[in-house]
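Chemist: First, the structure itself, so that you have it in front of you.
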Amino acid sequence: MQESYRLASLVRVKQYPWIETQNLIEASICQEMKNNFQQAERTIGQALASAQNFSYPRLRLRALGMQASFDRDQGRWTQAWTRDEAGLQAFWNDEIYSPEQAHQFYSELKLLAEATGQKRLAFALQQETVVILEQSKHVDLRAYAHFDLGTAAEEIADHETAMKEFGSAYELFQHLPQDTTTRMFENAAEINLAETEINQGKIASAQERLNKIHLNRDRQNFTFALPYWKARADIEKAHGNPDREEEYLVQAMSIGNRGFGNLNLERDRWEWRKSVRPAYLRLLELETFGLHDSTQALADWESFRNAEIEGNFSGKLTHDLSAKQRLLEKTKNLSNATLVSFVPFANSFVAWVADDRGIQEIQLGLSPSSVKQEVQVFLKLCSDRESPLAALKNQGAILYSHLFAPLAQKLNPERTLLIEGDDFLSRIPWAAMVMPNGLYFGEKYKTISIPGLLYRNKHKLERYNAPVRGLVVAPGALSFHDETFLPLPQVDDEVQIISKLYPDSKCIRDHQATVPRIRRELPQASFFHFSGHALTRETGGELLLWGANSGDALSAISLSKIDLHRCELVVLSACSSADVEQEIDRNPNGLVRSFIAAGARTVVASRWEIDFQATTELMRNFYGSMRKGKTVATSLQDAQNQLLHQPTRAHPYFWAAFEVFGSVNQ
C-alpha cells in the first residue's frame, strides 16, 4: 500500500495513465486484502473508468475481473457471475487478449460454482480453464490448472480423472524452478494423489507417496500440511491403529487452529471450518467410542462448537478440564430447560441430554447418511402444502423414533428443550415430528434452537424499565434488481395487532422504510418485527427495504455490525427468513445468526415460503400470548397449536414454518 501511494504521486505528475491505471488495480487488491471493501470498490472503479477513458482494453478486462472477484468475496455472487460472463464475452469477441485473461474469468466462475454447491459445473469450468491455458507459455499456470481440475474431479468422485490430472500437475511442477513454492505444489499434488488412492482402497500406494514428502519447509502452510496429516490419519484408520490415527488428527487440528487464529471475520472462520471439521469430528468420535467420560466428551464437543464461531482454540482439543467445568456450571443453571445435542459423526450418531439433573450420553446407532436423506424428505413434505399428510406424518414418526424415542424417558415437557441439531439436523422442523401417540412433537414440547451451550453473546442484554418499544417495519411493494415484489396481504393486520398490544411501538412503512433509517432505529428497539420480503441470495439472507430511488437490501453481513443489545426479540414475518446453508443459528451468512451476533436475545424466523393468512393468525396468537407474559417459546407453541387444530390449517406447512432461535444466556 505504501508503495502504491508513492507511485501514485509520481505518475500523476508525469501523466502516465497506463501506469496509473495498473497501480490502481494493484492498490485495490491490497485494500481488499486488508478488508477495506468500500475503498477497494472505489479504487477498482477508478481503474476501470481510467482503462475505458484511455482505451486500454487489457487493463479494462483485468479491472473487470477484479471487480468480479471482489463481488464474490463479499457475497454478491449473481453480480460476480454477470461480470465474469461480460469478461468472457469481451475475450471471445476480440483476438487481442492473452489466454491468461480468459483463465481469470473461468477460474472465478469455477469458484462461484463451488461456493453454490454446483460441483459438476465447477468441474466443467475448470476443464475450460485447462483447455484455454494450453496456449499459455506460463507453465506454472498450466500446472495449477491441472491441479485444480484434479481437485474438482475428486469432488465429484471421478477418481480416474483426479489421478490423471494430479499426475499432469506433478509433471509440470517438475519443469519449474525448484523453489519453495514449486516444492509445496509438488507435495500438494502427491498428497491429493494419495487421498485419491485412499478413497480407492490403495492404502499401500498412498502410504508410499506420503513417505516421500517432507514438510519441514511447508509445515506452516495450512493448505498443504492440513491434508497431509488428514491423509496420514486416514491410512492409520484403514490399518486399524486408533492411537496413531489420533496422533495425526491432533497434528491436523493444531494446524487448523492456527488457521482460525489468523482469521478475524466470522464468515471466514465459517468457511475455514469446512476444512478442519472432519479431522475434529473423527478425533471426538475416537474419544466418544473409547473408554471415556461422557461429561468430558460433551464438554469437548461444546467447546469445539463455540470455538468454530469465536475462532478461539486456546484450550486443549480433547479432555479439556476447563471446558468441562464451564459445562457443569451451565447445566446447573438449567432448572427450567434441558439441552438436547445431536452429533452425526462420519459413521455413527451420538446424543447428549443435559440439565441440572445430570448429563447422559446415548449412542443412537444410526447411519448419518440415511438420516440425512430422511431429513431432506421430511423438510420437503413439510414445506409443500400439497404433500400428502399421511406420508408427512409417517416420515415425521420415523425421525422421532430415530432421534427422540431413545431420549423420551429423560425429557420433561414442563422444560423448554434447547436443541443443538448439528449440520443437516438443523434443517428439521422439530415441532412437526410425530410421536407414537399421534401427536405432533410441538404439541407436547416447546423448543429453542441454540448455537451452543457454551456460546455467549458478546453483547450483554440491557434491561430497563421503560415501556416496551417495538420497531415494526413494513416496506410494502418495491422493486429490487429488476424484480417486482408485491405487498404482503397480511401486513395491515399484523401492524394493527402489534400497535394495539404495544402502543409505544414505532411503525415505519412503505418508502419510509429505508436501509439507513432502519439501521438508525434498530439499536433503540426492545423488539423488532419485520413484515416484508426476505431473500436468501448468494452467500446469505437479506431483508428487502427501500434505498434512495428503488429497492435496497439490509444484508446479514451488515446486520451483524449493528448493536442490538437492547433487543429481546426479532420476528421475521417473511418467507424463508431462516433459510441458509446448514446450521441456521450459527451460519454467519444467514439472517438468524446475524441478529443473534448483533446482540438480539431471540429470533423467530420461517423455514419456508409461508401462507400469509395462516401467518397473520399465528402472529395474532403469538403476540397475544407474549402480552400475557409468556416466554417466546411458549407463545409460539400456543400459536402453532391453535392453528394445527383447525381442519384447514392441519398440515404443518401452515403452522410449523416458524421456529425460535436464541442463545442460552437469556
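Residue numbering restarts at 1 in every chain; chains get A, B, ... in the order shown in the C-alpha cells, and ligands count up from 1 in that same order.
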From a backbone DSSP assignment, name each residue in stretch 332-462 of chain A labelled strand (DSSP E), as an MDAnalysis selection string.
Modeler: chainID A and resid 337:344 349:355 358:363 416:421 447:449
Chemist: Write out as a VMD selection string each polymer residue whose atoms come within 7 Å of stretch 581-597 of chain A, counting only C-alpha atoms; drop sequence neighbours fewer than 4 positions from it.
Modeler: chain A and resid 266 to 267 422 to 424 426 to 427 450 to 451 457 539 to 542 556 to 557 559 to 560 577 601 603 661 to 662
Chemist: Write out as a tab-separated table the residues of stretch 155-262 of chain A that have any atom within 12 Å of an atom of stretch 315-338 of chain A, one row each with the nearest atom pair and its distance in Å to one decimal, counting only C-alpha atoms, sorted by chain and then rising number.
Modeler:
residue	atom	partner	partner_atom	distance
A:Glu246	CA	A:Thr318	CA	10.7
A:Glu247	CA	A:Leu317	CA	11.8
A:Leu249	CA	A:Leu317	CA	10.2
A:Val250	CA	A:Leu317	CA	7.6
A:Gln251	CA	A:Leu317	CA	10.6
A:Ala252	CA	A:Leu317	CA	11.0
A:Met253	CA	A:Leu317	CA	7.8
A:Ser254	CA	A:Leu317	CA	8.4
A:Ile255	CA	A:Leu317	CA	11.8
A:Gly256	CA	A:Leu317	CA	11.1
A:Asn257	CA	A:Leu317	CA	9.5
Chemist: Given only C-alpha atoms as the basis, pick out the residue of A:Pro177, A:Gly65, A:Pro647, A:Gly476 nearest to A:Gln490.
Modeler: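 So, comparing all the options, the nearest one is A:Gly476.
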Chemist: Quick one: residues within 9 Å of A:Phe304, only C-alpha atoms counted, chain neighbours fewer than 3 positions away excluded, as an MDAnalysis selection string?
Modeler: chainID A and resid 280 299:301 307:309 313 317
Chemist: Let's see if you can do this: from backbone DSSP, list all alpha helix (DSSP H) residues in stretch 309-537 of chain A, as a PyMOL selection string.
Modeler: chain A and resi 309-310+321-332+368-382+389-403+441-444+491-501+515-521
Chemist: Could you list, with a cut-off of 7 Å and counting only C-alpha atoms, the residues of stretch 119-143 of chain A near stretch 110-115 of chain A, each shown with its nearest atom pair and the distance in Å rounded to one decimal, rows sorted by chain and ascending number, as CSV?
Modeler:
residue,atom,partner,partner_atom,distance
A:Lys119,CA,A:Glu114,CA,5.7
A:Leu121,CA,A:Ala113,CA,6.1
A:Ala122,CA,A:Lys110,CA,4.6
A:Leu125,CA,A:Lys110,CA,5.5
A:Gln126,CA,A:Lys110,CA,6.3
Chemist: Let me see the file: selected residues, N, CA, C and O atoms, as a PDB file, in the first residue's frame.
Modeler:
ATOM      1  N   LYS A 119     -20.980 -28.786  -8.042  1.00  0.00           N
ATOM      2  CA  LYS A 119     -19.671 -29.403  -8.212  1.00  0.00           C
ATOM      3  C   LYS A 119     -19.390 -29.816  -9.656  1.00  0.00           C
ATOM      4  O   LYS A 119     -18.254 -29.694 -10.130  1.00  0.00           O
ATOM      5  N   LEU A 121     -20.650 -28.411 -12.349  1.00  0.00           N
ATOM      6  CA  LEU A 121     -20.417 -27.177 -13.099  1.00  0.00           C
ATOM      7  C   LEU A 121     -18.999 -26.676 -12.839  1.00  0.00           C
ATOM      8  O   LEU A 121     -18.299 -26.235 -13.763  1.00  0.00           O
ATOM      9  N   ALA A 122     -18.559 -26.746 -11.589  1.00  0.00           N
ATOM     10  CA  ALA A 122     -17.192 -26.332 -11.258  1.00  0.00           C
ATOM     11  C   ALA A 122     -16.178 -27.176 -12.024  1.00  0.00           C
ATOM     12  O   ALA A 122     -15.175 -26.651 -12.549  1.00  0.00           O
ATOM     13  N   LEU A 125     -16.154 -26.045 -15.717  1.00  0.00           N
ATOM     14  CA  LEU A 125     -15.487 -24.751 -15.876  1.00  0.00           C
ATOM     15  C   LEU A 125     -13.976 -24.888 -15.739  1.00  0.00           C
ATOM     16  O   LEU A 125     -13.209 -24.224 -16.451  1.00  0.00           O
ATOM     17  N   GLN A 126     -13.535 -25.769 -14.837  1.00  0.00           N
ATOM     18  CA  GLN A 126     -12.094 -25.975 -14.705  1.00  0.00           C
ATOM     19  C   GLN A 126     -11.528 -26.694 -15.924  1.00  0.00           C
ATOM     20  O   GLN A 126     -10.369 -26.464 -16.310  1.00  0.00           O
TER      21      GLN A 126
END
Chemist: Considering only C-alpha atoms, state which residue in the set A:Ala408, A:Leu471, A:Ala145, A:Leu501 is at the smallest distance from A:Glu568.
Modeler: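 Using only C-alpha atoms, A:Glu568 sits closest to A:Leu471.
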Chemist: Have a look at A:Ser341, A:Ser505, A:Glu361, A:Ala405 and name the one nearest to A:Leu425; count only C-alpha atoms.
Modeler: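 Using only C-alpha atoms, A:Leu425 sits closest to A:Ser341.
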Chemist: Any idea what's packed within 7 Å of A:Leu64, counting only C-alpha atoms, ignoring anything in its chain fewer than 4 positions away? Could you give it as a list in words?
Modeler: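 Residues meeting the cut-off are Leu48, Arg60, Ala68, Arg83 and Gly87 of chain A.
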Chemist: Would you please work out which residue, of A:Gln22, A:Gln363, A:Asn241, A:Gln2, is nearest to A:Leu403 when using only C-alpha atoms?
Modeler: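 Of the candidates, the smallest distance to A:Leu403 is held by A:Gln363.
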Chemist: Give me, please, the distance in Å between atom CA of A:Leu643 and atom CA of A:Trp655, quoted to one decimal.
Modeler: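 Between atom CA of A:Leu643 and atom CA of A:Trp655 the gap is 6.3 Å.
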Chemist: Residues near A:Met66, anyone? I mean within 9 Å using only C-alpha atoms, not counting same-chain ones fewer than 4 positions away, as a PDB file with C-alpha atoms, in the first residue's frame.
Modeler:
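Listed below is the output, selection_31.pdb:
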ATOM      1  CA  ILE A  25      -5.685  -2.172  -9.764  1.00  0.00           C
ATOM      2  CA  SER A  28      -7.481  -2.142  -4.870  1.00  0.00           C
ATOM      3  CA  ILE A  29      -6.214  -5.697  -4.340  1.00  0.00           C
ATOM      4  CA  ILE A  44     -11.144  -0.632  -8.801  1.00  0.00           C
ATOM      5  CA  LEU A  61     -10.552  -6.656 -18.715  1.00  0.00           C
ATOM      6  CA  ARG A  62      -8.263  -7.153 -15.718  1.00  0.00           C
ATOM      7  CA  PHE A  70     -14.447  -8.543  -5.013  1.00  0.00           C
ATOM      8  CA  ASP A  71     -18.131  -9.247  -5.608  1.00  0.00           C
ATOM      9  CA  GLN A 104      -9.064 -15.213 -14.779  1.00  0.00           C
TER      10      GLN A 104
END
Chemist: Measuring between only C-alpha atoms, which one of A:Ile562, A:Ala194, A:Pro503, A:Gly547 shows the shortest distance to A:Lys212?
Modeler: A:Ala194
Chemist: Leaving out A:Phe530 and any residue of its chain fewer than 4 positions from it, which residues lie within 9 Å of it when counting only C-alpha atoms, given as a list in words?
Modeler: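 In the requested form, the answer reads Leu471, Val472, Val473, Ala474, Pro475, Leu543, Val570, Val571, Leu572, Ser573 and Ala574 of chain A.
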Chemist: So, counting only C-alpha atoms, which residue among A:Phe480, A:Phe185, A:Tyr56, A:Trp608 is closest to A:Ala553?
Modeler: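 Closest to A:Ala553 of all the choices is A:Phe480.
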